>>> print(open('my_file_21.csv').read())   # CSV, C-alpha atoms and all ligand atoms
chain,number,residue,atom,x,y,z
A,1,MET,CA,108.3,73.8,105.8
A,2,GLN,CA,111.4,71.6,106.3
A,3,ARG,CA,114.6,73.5,106.3
A,4,LYS,CA,117.1,70.9,105.0
A,5,ASN,CA,120.6,71.3,106.2
A,6,ILE,CA,123.3,72.5,103.8
A,7,ILE,CA,126.6,70.5,104.3
A,8,LEU,CA,129.7,72.1,102.9
A,9,CYS,CA,132.7,69.9,102.0
A,10,GLY,CA,136.1,70.6,100.4
A,11,PHE,CA,139.8,70.5,101.1
A,12,MET,CA,141.3,72.2,104.1
A,13,GLY,CA,141.6,75.9,103.4
A,14,CYS,CA,139.0,76.0,100.6
A,15,GLY,CA,136.9,78.5,102.5
A,16,LYS,CA,134.1,76.3,103.9
A,17,THR,CA,133.9,78.4,107.1
A,18,THR,CA,134.0,81.8,105.6
A,19,VAL,CA,131.6,80.8,102.8
A,20,GLY,CA,129.4,78.9,105.2
A,21,LYS,CA,129.0,81.9,107.6
A,22,GLU,CA,128.2,84.2,104.7
A,23,LEU,CA,125.7,81.7,103.3
A,24,ALA,CA,124.0,81.0,106.7
A,25,SER,CA,123.5,84.7,107.5
A,26,ARG,CA,121.9,85.3,104.1
A,27,ILE,CA,119.4,82.5,104.4
A,28,PHE,CA,118.8,82.8,108.1
A,29,TYR,CA,120.2,79.4,108.9
A,30,ASP,CA,122.5,78.6,111.9
A,31,PHE,CA,126.2,78.1,111.0
A,32,VAL,CA,128.0,75.2,112.7
A,33,ASP,CA,131.6,74.3,112.2
A,34,MET,CA,132.1,70.6,112.9
A,35,ASP,CA,135.7,70.9,114.1
A,36,GLU,CA,134.7,73.6,116.5
A,37,ARG,CA,131.8,71.4,117.7
A,38,ILE,CA,134.2,68.5,118.2
A,39,GLU,CA,136.6,70.7,120.2
A,40,PHE,CA,133.7,72.0,122.3
A,41,VAL,CA,132.3,68.6,123.1
A,42,THR,CA,135.6,67.0,124.0
A,43,GLY,CA,137.2,70.1,125.6
A,44,MET,CA,140.3,69.3,123.5
A,45,SER,CA,141.8,71.0,120.4
A,46,ILE,CA,142.0,69.0,117.2
A,47,PRO,CA,145.8,68.6,117.5
A,48,GLU,CA,145.3,67.3,121.0
A,49,ILE,CA,142.7,64.8,119.8
A,50,PHE,CA,145.1,63.6,117.1
A,51,ALA,CA,147.9,63.3,119.6
A,52,GLU,CA,145.9,61.4,122.2
A,53,ARG,CA,143.5,59.3,120.2
A,54,GLY,CA,145.2,59.1,116.8
A,55,GLU,CA,143.5,60.0,113.5
A,56,GLU,CA,141.2,57.0,113.9
A,57,GLY,CA,139.9,58.3,117.3
A,58,PHE,CA,139.3,61.7,115.7
A,59,ARG,CA,137.4,60.1,112.8
A,60,GLU,CA,135.2,58.3,115.2
A,61,LEU,CA,134.4,61.5,117.0
A,62,GLU,CA,133.7,63.1,113.6
A,63,THR,CA,131.0,60.5,112.8
A,64,LYS,CA,129.4,60.9,116.2
A,65,VAL,CA,129.2,64.6,116.0
A,66,LEU,CA,128.0,64.6,112.4
A,67,ALA,CA,125.2,62.1,113.3
A,68,GLU,CA,124.1,64.4,116.1
A,69,LEU,CA,124.2,67.5,113.9
A,70,CYS,CA,122.3,65.8,111.1
A,71,ARG,CA,119.3,65.3,113.3
A,72,GLY,CA,118.8,69.1,113.4
A,73,GLU,CA,117.6,71.3,110.5
A,74,GLY,CA,118.1,74.8,109.2
A,75,GLN,CA,121.9,74.5,109.6
A,76,VAL,CA,124.8,75.2,107.3
A,77,LEU,CA,127.4,72.7,108.4
A,78,ALA,CA,131.1,73.1,107.5
A,79,THR,CA,132.6,69.6,107.7
A,80,GLY,CA,136.3,68.9,108.1
A,81,GLY,CA,138.2,68.2,104.9
A,82,GLY,CA,138.4,64.5,105.6
A,83,ALA,CA,134.9,64.0,107.1
A,84,LEU,CA,133.1,62.9,103.9
A,85,MET,CA,135.8,60.5,102.9
A,86,ARG,CA,133.9,58.0,105.1
A,87,GLU,CA,131.0,56.3,103.5
A,88,ARG,CA,128.9,56.4,106.7
A,89,ASN,CA,129.3,60.1,106.9
A,90,VAL,CA,128.3,60.6,103.3
A,91,GLN,CA,125.1,58.7,104.0
A,92,LEU,CA,124.4,60.8,107.0
A,93,ALA,CA,125.0,64.0,105.1
A,94,GLN,CA,123.0,63.0,102.1
A,95,GLN,CA,120.0,62.0,104.3
A,96,SER,CA,120.1,65.3,106.1
A,97,GLY,CA,120.3,67.8,103.3
A,98,THR,CA,122.2,69.1,100.3
A,99,ILE,CA,125.9,68.6,100.0
A,100,VAL,CA,127.9,71.5,98.5
A,101,PHE,CA,131.5,71.2,97.4
A,102,VAL,CA,133.4,74.4,97.9
A,103,ASN,CA,136.2,74.1,95.3
A,104,SER,CA,139.4,76.2,95.5
A,105,GLU,CA,142.7,75.6,93.7
A,106,PHE,CA,145.3,73.7,95.6
A,107,HIS,CA,147.8,76.6,95.7
A,108,LEU,CA,145.1,78.9,97.3
A,109,CYS,CA,144.2,76.2,99.9
A,110,TYR,CA,147.9,75.6,100.6
A,111,ASP,CA,148.6,79.3,101.2
A,112,ARG,CA,145.8,79.4,103.7
A,113,ILE,CA,146.8,76.3,105.6
A,114,LYS,CA,150.6,76.1,105.4
A,115,ASN,CA,151.2,77.9,108.7
A,116,SER,CA,148.3,76.3,110.6
A,117,ASP,CA,148.5,73.7,113.4
A,118,ARG,CA,146.3,71.2,111.5
A,119,PRO,CA,147.8,67.8,112.3
A,120,ILE,CA,147.7,66.6,108.6
A,121,VAL,CA,149.5,69.8,107.5
A,122,GLN,CA,152.1,69.3,110.2
A,123,ARG,CA,152.9,65.8,109.1
A,124,CYS,CA,152.8,66.2,105.3
A,125,THR,CA,155.0,68.0,102.8
A,126,ARG,CA,153.5,70.3,100.2
A,127,ASP,CA,153.7,67.5,97.6
A,128,GLU,CA,152.0,65.1,99.9
A,129,LEU,CA,149.2,67.6,100.6
A,130,GLU,CA,148.8,68.1,96.8
A,131,GLU,CA,148.5,64.4,96.3
A,132,LEU,CA,145.9,64.2,99.1
A,133,TYR,CA,144.1,67.1,97.4
A,134,ASN,CA,144.1,65.3,94.1
A,135,GLN,CA,142.8,62.1,95.7
A,136,ARG,CA,140.0,63.8,97.5
A,137,LEU,CA,138.8,66.1,94.7
A,138,PRO,CA,137.0,63.4,92.7
A,139,VAL,CA,135.3,62.2,95.9
A,140,TYR,CA,134.0,65.6,96.8
A,141,ARG,CA,132.8,66.0,93.2
A,142,ASN,CA,131.1,62.6,93.2
A,143,ILE,CA,129.2,63.0,96.4
A,144,CYS,CA,128.1,66.6,96.1
A,145,ASN,CA,124.8,68.0,94.8
A,146,ILE,CA,126.2,71.4,94.0
A,147,GLU,CA,129.8,72.5,93.2
A,148,VAL,CA,130.9,76.1,93.6
A,149,PHE,CA,134.2,77.8,93.0
A,150,ASN,CA,135.5,79.9,95.8
A,151,GLN,CA,137.8,82.1,93.6
A,152,HIS,CA,136.6,85.7,94.1
A,153,THR,CA,135.0,86.5,97.5
A,154,PRO,CA,133.1,84.3,100.0
A,155,LYS,CA,130.1,86.5,99.2
A,156,ASP,CA,130.2,85.5,95.6
A,157,ALA,CA,130.5,81.8,96.5
A,158,ALA,CA,127.6,82.1,98.9
A,159,LYS,CA,125.5,83.9,96.3
A,160,ALA,CA,126.3,81.1,93.8
A,161,ILE,CA,125.2,78.5,96.2
A,162,ILE,CA,121.9,80.3,96.9
A,163,HIS,CA,121.4,80.6,93.1
A,164,SER,CA,121.8,76.9,92.7
A,165,LEU,CA,119.5,76.1,95.6
A,166,LEU,CA,116.6,78.2,94.3
A,201,LIG,C1,141.2,67.5,108.2
A,201,LIG,C2,140.7,68.7,108.0
A,201,LIG,C3,140.5,69.7,109.2
A,201,LIG,C4,140.2,68.9,110.5
A,201,LIG,C5,141.3,67.9,110.7
A,201,LIG,C6,141.5,66.9,109.5
A,201,LIG,C7,141.4,66.6,107.0
A,201,LIG,O1,139.3,70.5,108.9
A,201,LIG,O2,139.0,68.3,110.5
A,201,LIG,O3,142.5,68.6,110.9
A,201,LIG,O4,141.5,65.4,107.1
A,201,LIG,O5,141.4,67.2,105.9
A,201,LIG,P1,139.3,71.7,107.9
A,201,LIG,O6,139.0,71.2,106.5
A,201,LIG,O7,138.2,72.6,108.3
A,201,LIG,O8,140.6,72.4,107.9
>>> encode(input="my_file_21.csv", output="structure tokens")
Amino acid sequence: MQRKNIILCGFMGCGKTTVGKELASRIFYDFVDMDERIEFVTGMSIPEIFAERGEEGFRELETKVLAELCRGEGQVLATGGGALMRERNVQLAQQSGTIVFVNSEFHLCYDRIKNSDRPIVQRCTRDELEELYNQRLPVYRNICNIEVFNQHTPKDAAKAIIHSLL
């Protein structure tokens, strides 16, 4: 039986990683965080990649790593918040499995990311991040197969995903 991948998308801080780990362990899938994979492959941190290669360089790496991961199966993939803004990446994700949008309100995302070293957070004000959130929300919604709200616990969100998959 083919074990199609489950690709999680959503804004920075929405909880893709925590929900993804919870989901993967419940359905006996492997959990892969794309940013971590990019850091492992390059031996550089995300801020270093942005500083040395620019955002465009980071986006190229994202596509390469996603393409490689999409060849596998039985994985829960947590994508970076900007990864599925690229048409090519959406195609790769759609071909490889089910896309799940992990939705969380902006203020919750913001509280989780405001003190982080994410390059986009470093260079944007709160209002700019909220604008980016509002631009991306309809995209996530449009490309996903399933939308879940991460408003209680990661466990609840994972259970809601499993419920929608069955
Ligand atoms: C980004 C989100 C980050 C990371 C990079 C860019 C974005 O991942 O890929 O800093 O453009 O939204 P998370 O969504 O896991 O924080």
>>> residues_around(input="my_file_21.csv", residues="stretch 1-6 of chain A", least_positions_apart="6", cutoff="8 Å", atoms="only C-alpha atoms", output="list in words")
Cys70, Gly72, Glu73, Gly74, Gln75, Val76, Leu77, Ser96, Gly97, Thr98, Ile99 and Val100 of chain A
>>> closest_residue(input="my_file_21.csv", among="A:Leu129, A:Leu92, A:Ile7, A:Ile27", to="ligand LIG 201 (chain A)", atoms="only C-alpha atoms and all ligand atoms")
A:Leu129
>>> residues_around(input="my_file_21.csv", residues="A:Ala51", least_positions_apart="3", cutoff="12 Å", atoms="only C-alpha atoms", output="list in words")
Met44, Ser45, Ile46, Pro47, Glu48, Gly54, Glu55, Glu56, Gly57, Phe58, Arg118, Pro119, Ile120, Gln122 and Arg123 of chain A
>>> atom_distance(input="my_file_21.csv", atom1="atom CA of A:Asn145", atom2="atom CA of A:Phe101")
7.9 Å
>>> residues_near_ligand(input="my_file_21.csv", ligand="ligand LIG 201 (chain A)", cutoff="6 Å", atoms="only C-alpha atoms and all ligand atoms", output="list in words")
Phe11, Met12, Gly13, Asp35, Gly80, Gly81, Gly82, Arg118 and Pro119 of chain A
>>> residues_around(input="my_file_21.csv", residues="A:Leu132", least_positions_apart="4", cutoff="12 Å", atoms="only C-alpha atoms", output="PyMOL selection string")
chain A and resi 10-12+81-82+85+106+110+120-121+124-128+136-139
>>> atom_distance(input="my_file_21.csv", atom1="atom CA of A:Glu130", atom2="atom CA of A:Leu108")
11.4 Å
>>> closest_residue(input="my_file_21.csv", among="A:Ile146, A:Ala158, A:Ala78, A:Cys9", to="A:Glu36", atoms="only C-alpha atoms")
A:Ala78
>>> residues_near_point(input="my_file_21.csv", point="(130.4, 67.0, 117.6)", cutoff="7 Å", atoms="all atoms listed in the file", output="PyMOL selection string")
chain A and resi 34+37-38+41+61-62+64-66+68
